[in-house]
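J.: Have a look at this one before I ask anything.
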Amino acid sequence: MNRLLKRANSRLSIGNAAALLIVVSLVGQVLGFLRYKLINANFPAIGPQSTDAYFAAFKIPDFFFFTLAAGALGVAFMPILAEHLERGDKKGIWDLSNSLLNLLSIVMAIVGIVMLVFAKPIIHTIVAPDLPPEQLANAVKIMQFISFNPLLFAISGILTSVQQTYGRFFFYAVAPLGYNLAIIASIFIFKDNLGLVGLGLGAFLGALLQLLIVLLGNYGTDFHWEPKVMWRSADFRLILRQLPPRSIDQGIDSINSIVETNLATRIGLGNVTYYENAYILHTTPVLLIGTTIATAAFPRLNDRLAQHRPDLFRKDFLQIFLVMLWIIMPTAVVSYFARGYFARLIFSQSAPQIALVFGFLAGAIFFRTLYAIISRWFYSQKDTKTPLFVSIFAITLNIVLSIHLSRPENYGIAGLAMAQSIVAASEVVILMSIMGFRDHKLFNASFWNSVLKITSVTGFSVIAAFLMISILPLNISDRGFVTLGVKLSTIILVTFGVHVGVSWLFGLAEVKPVVSKVRRIVLGTVRIQ
């Protein structure tokens with residue numbers, strides 16, 4: 001038993017943690033991809049059972065979760081926990097965790113009651129004023145089912161934040177799989193009796209399942225829940241002071257999503273579904289590459305500053321940043337050139353609107369992935385205000401651009417995607433400028449030389465992707481995972497193969513671990529006993 005507990009509490013390295021998160025996140029993204037594909041296949045984009053209602057119903061619950069809970073679940077919470085862990089103060093970790101858990105649970109329970117009671121006026125007035133009556137009724141019922149999901153996610157988030165601080169990433173990575181599986185199951189279980197509304201019940205049951213999996217992750221951590229809030233704790237008050245900037249920052253993104261949904265409903269029926277499907281496609285590489293690697297690296301960055309080693313903090317950050325840059329560049333290239341293939345896979349039919357929107361979101365994929373690690377640079381230093389101020393500027397710019405670009409006489413639904421990419425680029429440029437001003441040693445000549453090499457290599461990836469879609473064009477008759485999957489997989493493999501091969505010829509440091517791993521697999525000797 002002692003050996004099992006020791007293994008359970010051993011910390012993963014950044015590489016192992018990132019590998020675990022990427023593998024499990026890949027499975028999660030496949031499930032998420034399958035979830036939306038099945039929803040699209042079983043419910044129409046237009047009509048009484050339109051999925052416009054499904055997407056609209058989640059906007060306000062997501063807003064309250066990100067605003068009131070998500071801001072505390074990492075960047076305002078984990079750096080404080082890391083300091084206690086560095087001092088070996090396990091009791092302090094659990095006291096802070098219990099305090100935050102109890103406070104947020106009370107707040108989120110009140111929010112859940114408000115959403116349950118006022119679902120109809122909230123959706124009709126704020127989110128989707130132009131939904132037809134039948135779709136509005138479905139959206140209201142779905143929102144009522146998931147009114148308490150933010151509470152369940154908040155509890156899960158606090159517990160997994162503690163687990164990550166200890167270097168335990170498995171349950172954090174696996175828990176969301178249960179959420180996706182529950183919604184997928186609800187499509188088939190409730191379709192014939194509850195219809196589209198059954199997806200809301202599935203989402204609620206999925207949130208419960210996710211929490212149960214997270215609770216398993218507490219095994220061996222000696223966590224015991226206590227009904228208390230330590231108002232007198234200096235660290236708890238520090239967390240509460242840091243929470244508002246991060247919460248507003250997160251809430252701003254949700255406000256942007258609400259505004260986009262509002263604008264999409266005004267453009268015409270089905271546009272909420274088209275835009276949401278493209279947006280979901282764009283979040284897949286951002287989560288898979290940006291969020292997973294940044295999440296795995298965040299405890300290490302916190303540790304470096306807790307150890308008073310800014311030199312190692314700078315070294316680790318730059319190494320992670322360049323690796324993410326090297327990975328996301330060919331990913332954005334494939335996303336743009338193969339946009340039609342991805343749209344057909346998720347929507348099953350000819351979906352030019354989704355392909356068009358997804359193509360314009362390629363820029364957002366690139367910059368949002370980099371933002372994931374850039375934001376951690378500030379959060380590790382307990383600076384939540386700078387990203388907040390930049391986000392306020394960004395959301396203002398995004399709303400202005402979205403309203404202007406989405407007008408029918410301009411770009412319509414594609415204008416929302418164009419605004420997203422422009423704003424994502426602006427955020428990254430502004431934050432990197434601030435970082436360079438604060439740390440003059442951060443972006444030195446060596447860094448920019450590496451960026452230039454990676455950019456040069458990506459030029460070959462662009463050529464490879466263009467040639468592959470010319471050789472394997474998307475035909476009107478192409479349908480199904482097999483036909484589309486073979487073409488898309490070939491395009492991806494060739495593009496990334498060229499990227500890795502040219503990177504190795506150019507001597508890029510980021511490719512060396514990949515080549516070494518392939519060499520060990522292909523050329524390694526087999527030891528016969």
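By order of appearance in the structure tokens: chains A, B, ..., then residues from 1 within every chain, and ligands from 1 in the order shown.
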Do a neighbour search on stretch 199-210 of chain A at 6 Å with only C-alpha atoms, toss out local chain neighbours closer than 4 positions, and write the hits as a ChimeraX atom specification.
T.: /A:142,145-146,175-176,178-179,182-183,186
J.: Could those residues be written to a file, using C-alpha atoms, as a CSV table (one decimal), in the first residue's frame?
T.:
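Output file result-v6.csv is given in full below:
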```csv
chain,number,residue,atom,x,y,z
A,142,ILE,CA,-31.5,22.3,-22.2
A,145,PHE,CA,-30.9,20.7,-17.4
A,146,ILE,CA,-27.3,22.1,-17.3
A,175,ALA,CA,-12.2,13.0,-16.5
A,176,PRO,CA,-13.6,15.0,-19.5
A,178,GLY,CA,-16.7,10.8,-19.3
A,179,TYR,CA,-18.5,14.0,-20.2
A,182,ALA,CA,-22.4,10.7,-21.6
A,183,ILE,CA,-23.5,13.1,-24.3
A,186,SER,CA,-27.7,10.5,-24.7
```
J.: What lies within 8 Å of stretch 270-283 of chain A using only C-alpha atoms, ignoring chain neighbours under 6 positions off, as a PyMOL selection string?
T.: chain A and resi 33+36+45-46+50-52+55-56+261+264+342-343+346-347+353-355+357-358+361-362+364-365+413
J.: Find, counting only C-alpha atoms, the residue in A:Ile430, A:Ile80, A:Ile293, A:Leu116 that gets nearest to A:Gln242.
T.: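 Answer, going by the shortest atom-to-atom distance: A:Ile80.
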J.: So that I can check the surroundings of A:Phe506, please list as a list of chain:residue names every protein, DNA and RNA residue that reaches within 8 Å of it, counting only C-alpha atoms and ignoring chain neighbours fewer than 3 positions away.
T.: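 Counting only C-alpha atoms, the residues come to A:Lys453, A:Val457, A:Val502, A:Ser503.
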J.: Would you please work out which residue, of A:Arg376, A:Lys382, A:His440, A:Ile327, is nearest to A:Thr495 when using only C-alpha atoms?
T.: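 So, comparing all the options, the nearest one is A:Ile327.
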J.: Hey, what's within 10 Å of A:Asp253 if we count only C-alpha atoms and toss same-chain stuff fewer than 6 positions away? As a list in words, please?
T.: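 Listing them by chain and then by number gives Phe63, Phe66, Thr67, Val259, Ser391, Ile392, Ala394 and Ile395 of chain A.
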J.: Just the residues within 10 Å of A:Ala372, please, counting only C-alpha atoms, with nothing from its chain fewer than 4 positions along; format it as a PyMOL selection string.
T.: chain A and resi 286-287+289-295+321+324+367-368+376-377+428
J.: Using the selection just defined, write its residues with N, CA and C atoms as an mmCIF file, in the first residue's frame.
T.:
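Once everything was written out, this is out11.cif:
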```
data_model
loop_
_atom_site.group_PDB
_atom_site.id
_atom_site.type_symbol
_atom_site.label_atom_id
_atom_site.label_comp_id
_atom_site.auth_asym_id
_atom_site.auth_seq_id
_atom_site.Cartn_x
_atom_site.Cartn_y
_atom_site.Cartn_z
ATOM 1 N N VAL A 286 -5.954 23.862 -30.773
ATOM 2 C CA VAL A 286 -5.595 24.783 -29.688
ATOM 3 C C VAL A 286 -5.544 24.041 -28.360
ATOM 4 N N LEU A 287 -6.545 23.220 -28.102
ATOM 5 C CA LEU A 287 -6.577 22.443 -26.861
ATOM 6 C C LEU A 287 -5.528 21.345 -26.863
ATOM 7 N N ILE A 289 -2.683 21.023 -28.542
ATOM 8 C CA ILE A 289 -1.285 21.455 -28.528
ATOM 9 C C ILE A 289 -1.060 22.550 -27.487
ATOM 10 N N GLY A 290 -1.846 23.623 -27.574
ATOM 11 C CA GLY A 290 -1.623 24.757 -26.693
ATOM 12 C C GLY A 290 -1.945 24.466 -25.243
ATOM 13 N N THR A 291 -3.185 24.062 -24.980
ATOM 14 C CA THR A 291 -3.622 23.872 -23.598
ATOM 15 C C THR A 291 -2.896 22.726 -22.918
ATOM 16 N N THR A 292 -2.726 21.598 -23.626
ATOM 17 C CA THR A 292 -2.095 20.444 -22.979
ATOM 18 C C THR A 292 -0.640 20.716 -22.614
ATOM 19 N N ILE A 293 0.125 21.261 -23.543
ATOM 20 C CA ILE A 293 1.541 21.522 -23.254
ATOM 21 C C ILE A 293 1.680 22.616 -22.204
ATOM 22 N N ALA A 294 0.881 23.676 -22.327
ATOM 23 C CA ALA A 294 0.953 24.761 -21.352
ATOM 24 C C ALA A 294 0.529 24.287 -19.968
ATOM 25 N N THR A 295 -0.487 23.429 -19.902
ATOM 26 C CA THR A 295 -0.931 22.890 -18.618
ATOM 27 C C THR A 295 0.145 22.040 -17.985
ATOM 28 N N PHE A 321 7.941 27.383 -25.641
ATOM 29 C CA PHE A 321 7.360 28.263 -26.647
ATOM 30 C C PHE A 321 7.786 27.847 -28.054
ATOM 31 N N MET A 324 6.153 24.599 -29.182
ATOM 32 C CA MET A 324 4.761 24.825 -29.576
ATOM 33 C C MET A 324 4.681 25.532 -30.921
ATOM 34 N N PHE A 367 -2.403 31.648 -33.361
ATOM 35 C CA PHE A 367 -2.128 32.609 -32.297
ATOM 36 C C PHE A 367 -2.715 32.186 -30.948
ATOM 37 N N ARG A 368 -3.866 31.497 -30.957
ATOM 38 C CA ARG A 368 -4.446 31.076 -29.684
ATOM 39 C C ARG A 368 -3.604 29.972 -29.032
ATOM 40 N N ARG A 376 0.621 31.919 -19.507
ATOM 41 C CA ARG A 376 1.220 31.288 -18.318
ATOM 42 C C ARG A 376 2.464 32.040 -17.857
ATOM 43 N N TRP A 377 3.156 32.711 -18.752
ATOM 44 C CA TRP A 377 4.323 33.513 -18.369
ATOM 45 C C TRP A 377 3.899 34.574 -17.354
ATOM 46 N N VAL A 428 -1.523 38.399 -29.008
ATOM 47 C CA VAL A 428 -0.189 37.803 -28.896
ATOM 48 C C VAL A 428 0.896 38.854 -29.099
#
```
J.: Restricting the calculation to only C-alpha atoms: of A:Leu211, A:Ile113, A:Ile328, A:Leu131, which residue gets closest to A:Gly47?
T.: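 Using only C-alpha atoms, A:Gly47 sits closest to A:Leu131.
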J.: Using atom CA of A:Ser461 and atom CA of A:Ala417 as the two end points, give the distance in Å to one decimal.
T.: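 Straight-line distance from atom CA of A:Ser461 to atom CA of A:Ala417 works out to 23.6 Å.
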J.: Once DSSP has gone over the backbone, tell me which residues of stretch 179-340 of chain A are in alpha helix (DSSP H), as a PyMOL selection string.
T.: chain A and resi 179-190+198-216+234-267+271-285+292-306+310-337+339-340
J.: Rank nothing, just name the residue among A:Leu238, A:Val494, A:Phe443, A:Leu318 nearest to A:Phe466, using only C-alpha atoms.
T.: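 Closest candidate: A:Val494.
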J.: Do a neighbour search on A:Gln144 at 7 Å with only C-alpha atoms, toss out local chain neighbours closer than 3 positions, and write the hits as number ranges by chain.
T.: A: 115-116, 119, 140-141, 147
J.: Create the file for the chosen residues now, containing C-alpha atoms and written as a CSV table (one decimal), in the first residue's frame.
T.:
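For reference, again_35.csv as written:
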```csv
chain,number,residue,atom,x,y,z
A,115,MET,CA,-30.3,30.1,-14.4
A,116,LEU,CA,-32.9,27.4,-13.7
A,119,ALA,CA,-33.6,30.5,-18.5
A,140,VAL,CA,-34.7,26.8,-22.4
A,141,LYS,CA,-35.2,23.1,-21.4
A,147,SER,CA,-27.9,24.9,-14.9
```
J.: For a test of reading the model, state the distance in Å between atom CA of A:Thr490 and atom CA of A:Thr458, rounded to one decimal.
T.: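 Taking atom CA of A:Thr490 and atom CA of A:Thr458, their separation equals 17.9 Å.
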J.: Counting only C-alpha atoms, what is within 10 Å of A:Thr455, bar same-chain residues fewer than 3 positions away, as number ranges by chain?
T.: A: 325-326, 329-330, 449-452, 458-461
J.: Would you write out those residues with C-alpha atoms, as a compact mmCIF listing (two decimals), in the first residue's frame?
T.:
```txt
# COMPACT_ATOMS: atom_id res chain seq x y z
CA LEU A 325 5.61 27.18 -32.43
CA TRP A 326 7.26 24.35 -34.37
CA MET A 329 2.81 26.04 -37.78
CA PRO A 330 2.23 22.91 -39.90
CA ASN A 449 17.01 32.99 -35.21
CA SER A 450 15.07 29.90 -34.12
CA VAL A 451 11.78 31.55 -35.07
CA LEU A 452 13.17 32.42 -38.51
CA THR A 458 7.01 25.97 -42.72
CA GLY A 459 7.30 27.29 -46.28
CA PHE A 460 8.08 23.74 -47.41
CA SER A 461 5.08 22.51 -45.41
```
J.: Suppose you want the space between atom CA of A:Asn138 and atom CA of A:Thr265; what is it in Å?
T.: 15.3 Å
J.: Which residue gives the smallest distance to A:Gly198 among A:Phe43, A:Trp225, A:Phe317, A:Phe378, with only C-alpha atoms counted?
T.: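 Ranking A:Phe43, A:Trp225, A:Phe317, A:Phe378 by distance to A:Gly198, first place goes to A:Phe43.
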